[in-house]
Each structure stands twice: as structure tokens, then as C-alpha cells.
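Reproduced below: data31.cif, with mmCIF, C-alpha atoms and all ligand atoms.
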data_final
loop_
_atom_site.label_atom_id
_atom_site.label_comp_id
_atom_site.auth_asym_id
_atom_site.auth_seq_id
_atom_site.Cartn_x
_atom_site.Cartn_y
_atom_site.Cartn_z
CA MET A 1 95.06 162.16 75.72
CA LYS A 2 93.87 162.82 79.25
CA ALA A 3 91.67 160.52 81.34
CA LYS A 4 88.50 161.86 82.92
CA ILE A 5 86.17 160.22 85.43
CA MET A 6 82.77 160.42 83.70
CA GLY A 7 80.68 158.87 86.48
CA ALA A 8 80.40 156.11 89.05
CA GLY A 9 77.99 153.34 90.00
CA SER A 10 77.58 150.45 92.40
CA TYR A 11 75.55 147.42 93.34
CA THR A 12 75.30 145.62 96.67
CA PRO A 13 73.28 142.47 97.38
CA GLN A 14 69.76 143.00 98.79
CA LYS A 15 70.35 140.82 101.86
CA LYS A 16 71.46 142.99 104.78
CA VAL A 17 72.95 141.18 107.80
CA SER A 18 73.08 143.14 111.07
CA ASN A 19 75.44 142.51 113.97
CA ALA A 20 72.40 141.22 115.91
CA MET A 21 71.80 138.58 113.21
CA LEU A 22 75.44 137.43 113.55
CA GLU A 23 74.95 137.12 117.33
CA GLU A 24 72.49 134.33 116.55
CA ILE A 25 74.97 132.25 114.56
CA MET A 26 78.24 132.87 116.44
CA ASP A 27 79.63 133.98 119.79
CA THR A 28 79.90 137.71 119.11
CA ASN A 29 78.01 140.86 120.00
CA ASP A 30 76.95 144.15 118.50
CA GLU A 31 78.84 146.25 121.06
CA TRP A 32 82.14 144.41 120.40
CA ILE A 33 81.86 144.73 116.62
CA LYS A 34 80.70 148.36 116.63
CA SER A 35 83.29 149.63 119.08
CA ARG A 36 86.26 147.91 117.41
CA THR A 37 85.33 148.40 113.76
CA GLY A 38 82.42 150.80 113.27
CA ILE A 39 80.52 148.07 111.41
CA GLU A 40 76.75 147.71 112.01
CA ASN A 41 75.57 145.90 108.86
CA ARG A 42 77.03 144.18 105.85
CA HIS A 43 75.34 142.99 102.64
CA ILE A 44 75.77 139.28 101.90
CA SER A 45 75.24 137.60 98.53
CA GLU A 46 72.44 135.05 98.31
CA GLY A 47 74.03 133.38 95.30
CA GLU A 48 75.10 136.21 93.01
CA ASP A 49 78.80 135.76 92.21
CA THR A 50 81.35 138.55 91.77
CA SER A 51 80.73 138.90 88.01
CA ILE A 52 77.02 139.50 88.62
CA LEU A 53 77.68 142.15 91.28
CA CYS A 54 80.21 143.80 88.93
CA GLY A 55 77.88 143.48 85.93
CA LYS A 56 75.04 145.18 87.82
CA ALA A 57 77.41 147.93 89.03
CA ALA A 58 78.53 148.39 85.40
CA LEU A 59 74.91 148.77 84.24
CA ASP A 60 74.40 151.37 86.99
CA ILE A 61 77.45 153.31 85.71
CA LEU A 62 76.26 153.13 82.08
CA GLY A 63 72.75 154.25 83.11
CA LYS A 64 74.06 157.23 85.06
CA THR A 65 76.54 158.37 82.38
CA GLY A 66 74.35 157.70 79.35
CA ILE A 67 77.11 155.72 77.63
CA SER A 68 76.03 152.45 75.99
CA ALA A 69 77.77 149.12 76.58
CA LYS A 70 78.69 149.07 72.86
CA GLU A 71 80.86 152.17 73.33
CA ILE A 72 83.08 150.55 75.99
CA ASP A 73 86.66 149.85 74.81
CA PHE A 74 87.99 147.89 77.81
CA ILE A 75 86.87 146.43 81.13
CA ILE A 76 89.10 145.96 84.18
CA VAL A 77 87.83 144.20 87.30
CA ALA A 78 89.75 144.41 90.58
CA THR A 79 88.91 141.43 92.75
CA MET A 80 90.42 138.88 95.13
CA THR A 81 87.26 136.76 94.90
CA PRO A 82 86.84 136.11 91.15
CA ASP A 83 84.10 133.70 90.03
CA GLY A 84 87.02 131.42 89.10
CA SER A 85 90.55 131.57 87.68
CA SER A 86 89.16 131.37 84.15
CA PRO A 87 87.17 132.90 82.60
CA SER A 88 88.18 136.10 84.31
CA THR A 89 85.44 138.07 86.06
CA ALA A 90 85.96 140.90 83.54
CA CYS A 91 85.17 138.56 80.62
CA LEU A 92 81.95 137.51 82.36
CA VAL A 93 81.06 141.20 82.82
CA GLN A 94 81.76 141.85 79.12
CA ASP A 95 79.14 139.24 78.26
CA PHE A 96 76.68 140.28 81.03
CA ILE A 97 76.48 143.92 79.91
CA GLY A 98 76.54 143.12 76.18
CA ALA A 99 79.79 144.95 75.42
CA LYS A 100 81.65 144.38 72.15
CA PRO A 101 84.45 141.74 72.29
CA VAL A 102 86.85 144.24 73.86
CA MET A 103 89.91 143.78 76.08
CA ALA A 104 88.78 142.58 79.52
CA PHE A 105 90.93 141.37 82.39
CA ASP A 106 91.12 141.06 86.18
CA VAL A 107 93.62 142.68 88.53
CA ASN A 108 94.35 141.27 91.97
CA ALA A 109 95.81 143.60 94.55
CA ALA A 110 93.40 142.64 97.35
CA CYS A 111 91.92 145.72 99.08
CA SER A 112 94.17 148.02 96.98
CA GLY A 113 92.85 146.48 93.76
CA PHE A 114 90.69 149.41 92.71
CA ILE A 115 93.66 151.81 92.97
CA TYR A 116 95.82 149.48 90.87
CA ALA A 117 93.06 149.02 88.26
CA LEU A 118 92.38 152.76 88.05
CA SER A 119 96.10 153.47 87.58
CA ILE A 120 96.33 150.97 84.69
CA ALA A 121 93.11 152.26 83.12
CA GLU A 122 94.36 155.84 83.20
CA LYS A 123 97.48 154.80 81.26
CA LEU A 124 95.38 152.94 78.66
CA ILE A 125 93.25 156.04 78.08
CA GLN A 126 96.33 158.31 78.05
CA SER A 127 97.82 156.22 75.25
CA GLY A 128 95.10 157.46 72.95
CA ALA A 129 94.15 153.92 71.90
CA TYR A 130 90.89 153.77 73.91
CA GLN A 131 87.98 156.18 74.33
CA TYR A 132 85.96 154.63 77.18
CA GLY A 133 86.94 152.10 79.89
CA LEU A 134 85.05 150.56 82.77
CA VAL A 135 87.03 150.14 86.00
CA LEU A 136 85.25 147.96 88.55
CA GLY A 137 86.00 146.62 92.01
CA GLY A 138 83.84 143.72 93.16
CA GLU A 139 83.95 141.05 95.83
CA VAL A 140 81.97 138.20 97.29
CA MET A 141 84.06 138.07 100.46
CA SER A 142 81.44 135.83 102.09
CA LYS A 143 82.67 132.87 100.01
CA ILE A 144 86.23 133.01 101.37
CA ILE A 145 85.31 133.74 105.00
CA ASP A 146 85.63 131.05 107.67
CA TRP A 147 82.18 131.39 109.24
CA GLN A 148 83.51 129.52 112.32
CA ASP A 149 86.09 132.28 112.94
CA ARG A 150 84.37 135.15 114.75
CA SER A 151 87.49 137.34 114.58
CA THR A 152 87.22 137.69 110.78
CA ALA A 153 83.64 136.65 109.87
CA VAL A 154 82.08 139.81 111.33
CA LEU A 155 84.33 142.17 109.36
CA PHE A 156 83.50 141.60 105.70
CA GLY A 157 80.70 142.18 103.22
CA ASP A 158 79.91 141.71 99.52
CA GLY A 159 79.42 144.34 96.80
CA ALA A 160 80.73 146.05 93.69
CA GLY A 161 81.32 149.55 92.39
CA GLY A 162 83.23 151.33 89.70
CA VAL A 163 83.77 154.28 87.43
CA LEU A 164 83.71 155.06 83.72
CA LEU A 165 86.87 156.69 82.37
CA GLY A 166 86.72 158.66 79.15
CA ALA A 167 89.40 160.22 76.95
CA SER A 168 89.46 164.02 76.84
CA GLU A 169 91.80 166.49 75.16
CA THR A 170 91.31 169.12 77.85
CA GLU A 171 90.01 167.64 81.10
CA ASN A 172 92.21 165.51 83.37
CA SER A 173 91.05 163.83 86.58
CA PHE A 174 94.42 162.36 87.57
CA LEU A 175 96.95 164.63 89.30
CA GLY A 176 99.28 162.03 90.80
CA GLU A 177 99.76 158.57 92.24
CA ASP A 178 101.91 156.69 94.74
CA ILE A 179 101.54 152.89 94.56
CA HIS A 180 103.54 150.15 96.31
CA SER A 181 103.85 146.49 97.26
CA ASP A 182 105.88 144.49 99.79
CA GLY A 183 105.58 140.74 99.30
CA SER A 184 107.94 140.01 102.20
CA ARG A 185 105.06 140.82 104.56
CA GLY A 186 102.42 139.03 102.50
CA ASP A 187 101.80 136.31 105.10
CA SER A 188 100.03 138.75 107.41
CA LEU A 189 96.91 138.78 105.19
CA THR A 190 96.23 135.74 103.03
CA ALA A 191 93.31 134.13 101.21
CA GLY A 192 92.77 131.37 98.66
CA LYS A 193 96.04 129.62 99.53
CA ARG A 194 96.41 126.25 97.88
CA ALA A 195 99.40 124.02 98.57
CA VAL A 196 100.89 122.10 95.66
CA SER A 197 99.05 118.79 95.73
CA ASN A 198 99.09 116.08 93.09
CA PHE A 199 99.44 112.31 92.55
CA GLN A 200 103.01 112.28 93.92
CA LEU A 201 102.34 114.43 96.99
CA GLU A 202 100.24 114.21 100.14
CA GLN A 203 96.77 115.74 100.09
CA ALA A 204 97.00 119.42 101.04
CA THR A 205 95.19 120.62 104.15
CA GLU A 206 94.84 124.33 103.26
CA ASN A 207 91.22 125.49 103.20
CA GLY A 208 91.79 128.78 101.36
CA PHE A 209 89.90 130.88 103.91
CA LEU A 210 90.92 134.48 104.55
CA LYS A 211 93.38 134.83 107.44
CA MET A 212 94.76 138.00 108.94
CA GLU A 213 97.10 139.07 111.70
CA GLY A 214 95.06 142.05 112.84
CA ARG A 215 97.70 143.87 114.86
CA ALA A 216 100.41 143.48 112.19
CA ILE A 217 98.28 144.80 109.33
CA PHE A 218 96.82 147.54 111.52
CA ASP A 219 100.36 148.74 112.23
CA PHE A 220 101.21 148.46 108.51
CA ALA A 221 98.18 150.57 107.59
CA ILE A 222 98.83 153.39 110.05
CA ARG A 223 102.52 153.52 109.09
CA SER A 224 102.23 153.32 105.28
CA VAL A 225 98.96 155.03 104.42
CA PRO A 226 99.59 158.48 105.95
CA GLU A 227 103.00 158.56 104.23
CA SER A 228 101.43 157.62 100.89
CA ILE A 229 98.70 160.27 101.20
CA ARG A 230 101.29 162.90 102.11
CA THR A 231 103.54 161.86 99.20
CA VAL A 232 100.84 162.02 96.53
CA VAL A 233 99.58 165.39 97.79
CA GLU A 234 103.01 167.02 98.10
CA ALA A 235 104.31 165.63 94.78
CA SER A 236 101.61 167.56 92.96
CA ASN A 237 102.34 170.81 94.81
CA SER A 238 99.16 170.63 96.87
CA THR A 239 98.74 170.63 100.64
CA LEU A 240 96.47 168.53 102.84
CA GLU A 241 94.32 171.66 103.34
CA ASP A 242 93.60 171.66 99.58
CA ILE A 243 92.08 168.18 99.84
CA ASP A 244 88.30 168.18 100.23
CA CYS A 245 87.82 164.56 101.05
CA ILE A 246 89.76 161.32 101.44
CA VAL A 247 88.06 158.20 100.11
CA ALA A 248 89.98 155.41 101.85
CA HIS A 249 89.52 151.65 101.85
CA GLN A 250 86.88 150.86 104.46
CA ALA A 251 88.70 148.26 106.61
CA ASN A 252 88.02 149.56 110.09
CA TYR A 253 86.91 152.94 111.45
CA ARG A 254 89.78 152.88 113.98
CA ILE A 255 92.28 152.76 111.10
CA LEU A 256 90.74 155.91 109.59
CA LYS A 257 90.95 157.66 112.98
CA ALA A 258 94.60 156.64 113.42
CA ILE A 259 95.52 157.80 109.88
CA ALA A 260 93.77 161.15 110.43
CA LYS A 261 95.58 161.63 113.73
CA LYS A 262 98.98 160.95 112.12
CA LEU A 263 98.25 163.42 109.33
CA LYS A 264 96.93 165.93 111.88
CA ILE A 265 93.71 166.41 109.93
CA PRO A 266 90.14 165.97 111.23
CA VAL A 267 88.76 162.45 110.79
CA GLU A 268 85.70 164.12 109.19
CA LYS A 269 87.83 164.57 106.04
CA PHE A 270 87.61 160.79 105.67
CA ALA A 271 84.35 159.71 104.07
CA THR A 272 82.93 156.52 105.55
CA ASN A 273 80.16 154.01 105.00
CA ILE A 274 81.72 151.07 106.82
CA ALA A 275 78.73 151.00 109.20
CA GLU A 276 76.48 149.86 106.34
CA TYR A 277 78.75 147.59 104.25
CA GLY A 278 81.66 146.38 106.39
CA ASN A 279 84.92 145.68 104.58
CA THR A 280 84.22 144.93 100.90
CA SER A 281 87.92 144.83 99.93
CA ALA A 282 88.46 146.07 96.34
CA ALA A 283 84.84 147.26 96.17
CA SER A 284 84.96 149.57 99.18
CA ILE A 285 86.49 152.64 97.49
CA PRO A 286 84.21 152.70 94.41
CA ILE A 287 81.05 151.92 96.44
CA LEU A 288 81.86 154.87 98.72
CA LEU A 289 82.82 157.13 95.79
CA ASP A 290 79.49 156.37 94.09
CA GLU A 291 77.60 157.11 97.31
CA LEU A 292 79.34 160.51 97.67
CA LEU A 293 78.65 161.45 94.03
CA THR A 294 75.04 160.28 94.28
CA ASN A 295 74.23 162.15 97.51
CA GLY A 296 75.94 165.33 96.27
CA ASP A 297 78.78 165.41 98.82
CA LEU A 298 81.13 165.29 95.80
CA VAL A 299 80.34 166.81 92.39
CA LEU A 300 82.05 165.90 89.12
CA GLY A 301 83.26 169.04 87.35
CA SER A 302 83.55 170.95 90.66
CA LYS A 303 87.36 170.84 90.28
CA LYS A 304 87.64 169.84 93.93
CA LYS A 305 90.60 167.64 94.87
CA ILE A 306 90.16 164.32 96.61
CA VAL A 307 92.51 161.46 97.50
CA LEU A 308 91.65 157.80 96.94
CA THR A 309 93.74 155.46 99.09
CA GLY A 310 93.81 151.67 99.32
CA PHE A 311 95.75 149.20 101.46
CA GLY A 312 95.60 145.47 101.94
CA GLY A 313 96.89 142.01 101.16
CA GLY A 314 100.11 141.64 99.23
CA LEU A 315 100.97 143.68 101.05
CA THR A 316 99.85 146.45 98.72
CA TRP A 317 99.01 150.11 99.22
CA GLY A 318 98.57 153.20 97.12
CA SER A 319 97.00 156.62 96.75
CA MET A 320 95.76 158.73 93.85
CA LEU A 321 95.12 162.47 93.81
CA ILE A 322 91.97 163.13 91.78
CA GLN A 323 90.46 166.37 90.54
CA LEU A 324 86.69 165.98 90.21
S1 LIG B 401 92.17 144.35 114.87
O1 LIG B 401 93.48 143.84 114.78
O2 LIG B 401 91.28 143.48 115.55
N1 LIG B 401 92.21 145.76 115.66
C1 LIG B 401 93.35 146.60 115.42
C2 LIG B 401 94.37 146.49 116.49
C3 LIG B 401 91.04 146.18 116.33
C4 LIG B 401 90.78 147.65 116.25
C5 LIG B 401 91.60 144.72 113.27
C6 LIG B 401 90.25 144.62 112.94
BR1 LIG B 401 88.95 144.11 114.22
C7 LIG B 401 89.81 144.89 111.64
C8 LIG B 401 90.71 145.28 110.67
C9 LIG B 401 92.05 145.41 111.02
C10 LIG B 401 93.05 145.85 110.05
O3 LIG B 401 94.10 146.31 110.46
N2 LIG B 401 92.75 145.73 108.73
C11 LIG B 401 93.55 146.01 107.62
C12 LIG B 401 94.80 146.59 107.72
C13 LIG B 401 95.58 146.83 106.59
C14 LIG B 401 95.11 146.50 105.35
C15 LIG B 401 93.86 145.94 105.22
C16 LIG B 401 93.07 145.69 106.34
C17 LIG B 401 91.72 145.09 106.13
O4 LIG B 401 91.12 144.61 107.09
O5 LIG B 401 91.24 145.12 104.98
C18 LIG B 401 92.49 145.12 112.32
#

Starting from the file, give its structure as C-alpha cells.
Amino acid sequence: MKAKIMGAGSYTPQKKVSNAMLEEIMDTNDEWIKSRTGIENRHISEGEDTSILCGKAALDILGKTGISAKEIDFIIVATMTPDGSSPSTACLVQDFIGAKPVMAFDVNAACSGFIYALSIAEKLIQSGAYQYGLVLGGEVMSKIIDWQDRSTAVLFGDGAGGVLLGASETENSFLGEDIHSDGSRGDSLTAGKRAVSNFQLEQATENGFLKMEGRAIFDFAIRSVPESIRTVVEASNSTLEDIDCIVAHQANYRILKAIAKKLKIPVEKFATNIAEYGNTSAASIPILLDELLTNGDLVLGSKKKIVLTGFGGGLTWGSMLIQL
């Protein structure tokens, strides 16, 4: 069996927070944020947890594709901000959308999570055991942000997006993948850390907030991502000129510019919506993909080739070559 992307969908919280609004609660300014990151707004949850954002994105996907929740055979959620460790966010989505009691589980690969989840989902469909699978990326980053730390608080936003995969005997959306991890450099981007703490040990002081060494992960991104994009394109006998659009994790506009420069391709090949949503981690790729399919920039069935590429905590990174 082959796996086909049947459609996409997304949901972001109503509440939009501009850089000017952040100026009122911390020592930052619009010009600093815009020039270093490209971010102008982000959407922040007013109480909806990750499973609700993912559930609403799932309903958007089902509505757009005309597939009912009862036809879904598995649900995978990529997130680094699950509602809790158990139940998994995917189980909560299964209940929220009214799916049958199907396989549902979370994947954590930080900002690369959607790429990891899509890779797994493709293999499940390929096996022939499943007809339809929902692959979602969703985050409430605002709950793991240290709102006293202006260097990270301005960067992130909340949201969810995803795609429906379907089994097909003839049509295949997946032309290649290149996916990696390097735990030895994991300390440069951490979140949710909890020290071992119990009756025989001192109380832990970790607060679990997201921490990042900006320069180190910036260097990681501009070294690893261009190589990964090149690898996935060349391995499937394509060239960068054959690629219509690159849908990359929306971490920082300067990263996209640096990657484009290294690949010697125009930055315009990189789709972007970071100005509106900030960095939504595992949700950034599917939210952007849904936007491009909704506004007609990308068309399913057009046979055009695009690359999805993620990079983030773990460290993790990976790219997939997709034929629409
Ligand atoms: S930064 O270090 O402050 N910087 C780069 C030198 C300013 C342009 C910075 C900022 Br601000 C925002 C994001 C990054 C960054 O490198 N992010 C990532 C890199 C790799 C993987 C994931 C991310 C991410 O933020 O999700 C650097």
C-alpha cells in the first residue's frame, strides 16, 4: 500500500498577542523582536490545552476531507507539551472527535515531532493494516515558557495542525526521508526537566521551563538542515530546482534566510507565517502546510514536489520529500 496526504487542517487559539502587548508586560520591544525573529504576533491559549487544540484541528481536517471520525484507524499526536504524561494527548483527541477505540499515541521529538510522526504514520499505512490515519502536531508552548525571561518568552506561540493520510494502491505522497537525532547535544534546548526527587533526596529546584542556548542551536540548524534537505532531494534523483516550496519549522526568519543562503536558493522558496504565529514547535509545519493548501499556494494532486523539514530539541532534525 502507498500513503497519500488526503488533506490538512489547523486550529489556533483566538487570542492574538502582538509584540506591542508584550512590551506592556516585559522589557522588550517590537523592533527588537521583529528584526531578530520576524515575529509580529503569536496566538496564546486562554485555557484550551493541547488536546483541545489538536481535537479542533482534527475536526477541521475531517470537515475538509469529508472523512468521518468513525473511519479513522489511528491517531498520532506530536507534542512536547502534552496535557499530561497519561492519558496521552492522542487518547484525549480520540475521545474529543468521537473516533472508534483505535490506536492512539503521542510522539515527542520537540520541533521535529511532526516529521517523526508523519514518518511513522506513513509506515503504518504502507503495511496495509490501516486505511486512514490522523497525524497531528499541537502545542501549548505558553505553559512551559518562563514569562520572566524576555529572551525566550517573545518567541513562542500555541496552536495545532495536521494531515489525514489515506491508503492508496496507486498514489504515493512520500518520495523520501532523512531523519536524525543527536542526544549528546540535547542540553542546548531543554524543557520539562524534572530532577529525581523523593523521600530520600533533597527537594529538586528545577522549574521545567523551556531553556535554549540560542547561538548553539542556531549554528546546529544552519549546519544540519541544509544538508538534510540536500540529502532527501538528491536521494530521490531530484534537484533543488525541482522543489516548488520548502515548508520548514518556523523557529526564526533568520534561520530560514541562512538555510536558503547555504543551499544557494532564493529565500522565497521557503514558505513562512512566523510573523503571525511565532514558534509553535511541532505545530508549525502542519499549520503552515494547511495555510498553503487553503490559500491555493499548494494544490493536492498537482504532483508538485515540496520538502518538509523540522529541527529542534533532542537534538532532532529531519526532512521529507513530498509529492502533492
Ligand atoms: S538567537 O540565538 O537569539 N539568534 C540567533 C543567533 C538571533 C537571530 C535565536 C532566536 Br532570537 C530564536 C531562535 C533561535 C534558534 O536558533 N532556534 C532554533 C534552532 C534550532 C532548532 C530549533 C530552534 C527553535 O527555536 O525552535 C535563535

Counting all atoms listed in the file, what residues are within 8 Å of ligand LIG 401 (chain B), given as a PDB file with C-alpha atoms, in the frame of the given file?
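Now in selection-v1.pdb:
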ATOM      1  CA  ILE A  33      81.860 144.730 116.620  1.00  0.00           C
ATOM      2  CA  ARG A  36      86.260 147.910 117.410  1.00  0.00           C
ATOM      3  CA  THR A  37      85.330 148.400 113.760  1.00  0.00           C
ATOM      4  CA  CYS A 111      91.920 145.720  99.080  1.00  0.00           C
ATOM      5  CA  SER A 151      87.490 137.340 114.580  1.00  0.00           C
ATOM      6  CA  THR A 152      87.220 137.690 110.780  1.00  0.00           C
ATOM      7  CA  LEU A 155      84.330 142.170 109.360  1.00  0.00           C
ATOM      8  CA  LEU A 189      96.910 138.780 105.190  1.00  0.00           C
ATOM      9  CA  MET A 212      94.760 138.000 108.940  1.00  0.00           C
ATOM     10  CA  GLU A 213      97.100 139.070 111.700  1.00  0.00           C
ATOM     11  CA  GLY A 214      95.060 142.050 112.840  1.00  0.00           C
ATOM     12  CA  ARG A 215      97.700 143.870 114.860  1.00  0.00           C
ATOM     13  CA  ALA A 216     100.410 143.480 112.190  1.00  0.00           C
ATOM     14  CA  ILE A 217      98.280 144.800 109.330  1.00  0.00           C
ATOM     15  CA  PHE A 218      96.820 147.540 111.520  1.00  0.00           C
ATOM     16  CA  ASP A 219     100.360 148.740 112.230  1.00  0.00           C
ATOM     17  CA  PHE A 220     101.210 148.460 108.510  1.00  0.00           C
ATOM     18  CA  ALA A 221      98.180 150.570 107.590  1.00  0.00           C
ATOM     19  CA  HIS A 249      89.520 151.650 101.850  1.00  0.00           C
ATOM     20  CA  GLN A 250      86.880 150.860 104.460  1.00  0.00           C
ATOM     21  CA  ALA A 251      88.700 148.260 106.610  1.00  0.00           C
ATOM     22  CA  ASN A 252      88.020 149.560 110.090  1.00  0.00           C
ATOM     23  CA  ARG A 254      89.780 152.880 113.980  1.00  0.00           C
ATOM     24  CA  ILE A 255      92.280 152.760 111.100  1.00  0.00           C
ATOM     25  CA  ASN A 279      84.920 145.680 104.580  1.00  0.00           C
ATOM     26  CA  SER A 281      87.920 144.830  99.930  1.00  0.00           C
ATOM     27  CA  PHE A 311      95.750 149.200 101.460  1.00  0.00           C
ATOM     28  CA  GLY A 312      95.600 145.470 101.940  1.00  0.00           C
ATOM     29  CA  GLY A 313      96.890 142.010 101.160  1.00  0.00           C
ATOM     30  CA  LEU A 315     100.970 143.680 101.050  1.00  0.00           C
TER      31      LEU A 315
END

Please identify all polymer residues within 8 Å of A:Val267, counting all atoms listed in the file, omitting same-chain residues fewer than 4 positions from it, and present them as an NGL selection string.
:A and (256-257 or 260-261)

Hey, what's within 6 Å of A:Tyr277 if we count all atoms listed in the file and toss same-chain stuff fewer than 6 positions away? As a list in words, please?
Asn41, Arg42, His43 and Gly157 of chain A

How about saving the chosen residues, C-alpha atoms kept, as a PDB file, in the coordinates of the input?
ATOM      1  CA  ASN A  41      75.570 145.900 108.860  1.00  0.00           C
ATOM      2  CA  ARG A  42      77.030 144.180 105.850  1.00  0.00           C
ATOM      3  CA  HIS A  43      75.340 142.990 102.640  1.00  0.00           C
ATOM      4  CA  GLY A 157      80.700 142.180 103.220  1.00  0.00           C
TER       5      GLY A 157
END

Which neighbours of A:Ser127 fall inside 7 Å, counting all atoms listed in the file, when residues of the same chain fewer than 3 positions from it are skipped, and could you give them as an NGL selection string?
:A and (1 or 123-124)

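In this comparison, which uses all atoms listed in the file, the residue of A:Thr50, A:Thr316, A:Thr79, A:Ser18 approaching A:Ser188 most closely is A:Thr316.
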
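Checking A:Ala282, A:Lys305, A:Asp146, A:Lys264 one by one against A:Asn108, counting only C-alpha atoms, you find the shortest gap at A:Ala282.
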
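The neighbours of A:Asp30 here are the residues that come within 9 Å of it, using all atoms listed in the file and leaving out any residue fewer than 5 positions away in the same chain; they are Ser18, Asn19, Ala20, Leu22, Glu23, Ser35, Ile39 and Glu40 of chain A.
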
Just checking: using only C-alpha atoms, which residue out of A:Leu53, A:Val93, A:Leu136, A:Asn295 ends up closest to A:Ala117?
A:Leu136

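Atom CA of A:Ser85 is found 18.5 Å from atom CA of A:Asn198.
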
Contacts of A:Phe209 within 8 Å, only C-alpha atoms, excl. fewer than 5 positions in-chain, as a list of chain:residue names:
A:Ile144, A:Ile145, A:Asp146, A:Ala191, A:Gly192, A:Lys193

For a quick check of understanding, using all atoms listed in the file, which of A:Ala275, A:Asp73, A:Ser68, A:Leu263 has the smallest distance to A:Thr239?
A:Leu263

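Nearest to A:Gly138 of all the residues A:Ile67, A:Gly84, A:Thr12, A:Ala195 is A:Thr12, based on all atoms listed in the file.
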
Under the rule of at most 7 Å, produce a per-residue listing of stretch 265-322 of chain A near stretch 225-235 of chain A: chain, number, name, the closest pair of atoms, and the distance in Å, as a Markdown table, using only C-alpha atoms.
| residue | atom | partner | partner_atom | distance |
| --- | --- | --- | --- | --- |
| A:Gly318 | CA | A:Ser228 | CA | 6.5 |
| A:Ser319 | CA | A:Ile229 | CA | 6.0 |
| A:Met320 | CA | A:Val232 | CA | 6.6 |
| A:Leu321 | CA | A:Val232 | CA | 6.3 |

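Shortest atom-to-atom contact with A:Val17 among A:Phe156, A:Phe96, A:Phe105, A:Phe270: A:Phe156, counting all atoms listed in the file.
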
With a cut-off of 12 Å, could you pull out the residues of stretch 88-171 of chain A touching stretch 285-292 of chain A and give me the nearest pair of atoms for each, distance in Å to one decimal, using only C-alpha atoms, ordered by chain and ascending number, as JSON lines?
{"residue": "A:Cys111", "atom": "CA", "partner": "A:Ile285", "partner_atom": "CA", "distance": 8.9}
{"residue": "A:Ser112", "atom": "CA", "partner": "A:Ile285", "partner_atom": "CA", "distance": 9.0}
{"residue": "A:Gly113", "atom": "CA", "partner": "A:Ile285", "partner_atom": "CA", "distance": 9.6}
{"residue": "A:Phe114", "atom": "CA", "partner": "A:Ile285", "partner_atom": "CA", "distance": 7.1}
{"residue": "A:Ile115", "atom": "CA", "partner": "A:Ile285", "partner_atom": "CA", "distance": 8.5}
{"residue": "A:Tyr116", "atom": "CA", "partner": "A:Ile285", "partner_atom": "CA", "distance": 11.9}
{"residue": "A:Ala117", "atom": "CA", "partner": "A:Pro286", "partner_atom": "CA", "distance": 11.4}
{"residue": "A:Leu118", "atom": "CA", "partner": "A:Pro286", "partner_atom": "CA", "distance": 10.4}
{"residue": "A:Leu134", "atom": "CA", "partner": "A:Pro286", "partner_atom": "CA", "distance": 11.9}
{"residue": "A:Val135", "atom": "CA", "partner": "A:Pro286", "partner_atom": "CA", "distance": 9.2}
{"residue": "A:Leu136", "atom": "CA", "partner": "A:Pro286", "partner_atom": "CA", "distance": 7.6}
{"residue": "A:Gly137", "atom": "CA", "partner": "A:Pro286", "partner_atom": "CA", "distance": 6.8}
{"residue": "A:Gly138", "atom": "CA", "partner": "A:Pro286", "partner_atom": "CA", "distance": 9.1}
{"residue": "A:Glu139", "atom": "CA", "partner": "A:Ile287", "partner_atom": "CA", "distance": 11.3}
{"residue": "A:Gly157", "atom": "CA", "partner": "A:Ile287", "partner_atom": "CA", "distance": 11.9}
{"residue": "A:Asp158", "atom": "CA", "partner": "A:Ile287", "partner_atom": "CA", "distance": 10.7}
{"residue": "A:Gly159", "atom": "CA", "partner": "A:Ile287", "partner_atom": "CA", "distance": 7.8}
{"residue": "A:Ala160", "atom": "CA", "partner": "A:Ile287", "partner_atom": "CA", "distance": 6.5}
{"residue": "A:Gly161", "atom": "CA", "partner": "A:Ile287", "partner_atom": "CA", "distance": 4.7}
{"residue": "A:Gly162", "atom": "CA", "partner": "A:Pro286", "partner_atom": "CA", "distance": 5.0}
{"residue": "A:Val163", "atom": "CA", "partner": "A:Pro286", "partner_atom": "CA", "distance": 7.2}
{"residue": "A:Leu164", "atom": "CA", "partner": "A:Pro286", "partner_atom": "CA", "distance": 11.0}

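In this model, the gap between atom CA of A:Leu308 and atom CA of A:Ile179 comes to 11.3 Å.
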
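What separates atom CA of A:Lys143 from atom CA of A:Tyr253 is a distance of 23.5 Å.
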
Please check which residues have atoms at most 6 Å from (79.3, 135.2, 115.0) in the file's coordinates, counting only C-alpha atoms, and write them as a PyMOL selection string.
chain A and resi 22-23+25-28+150
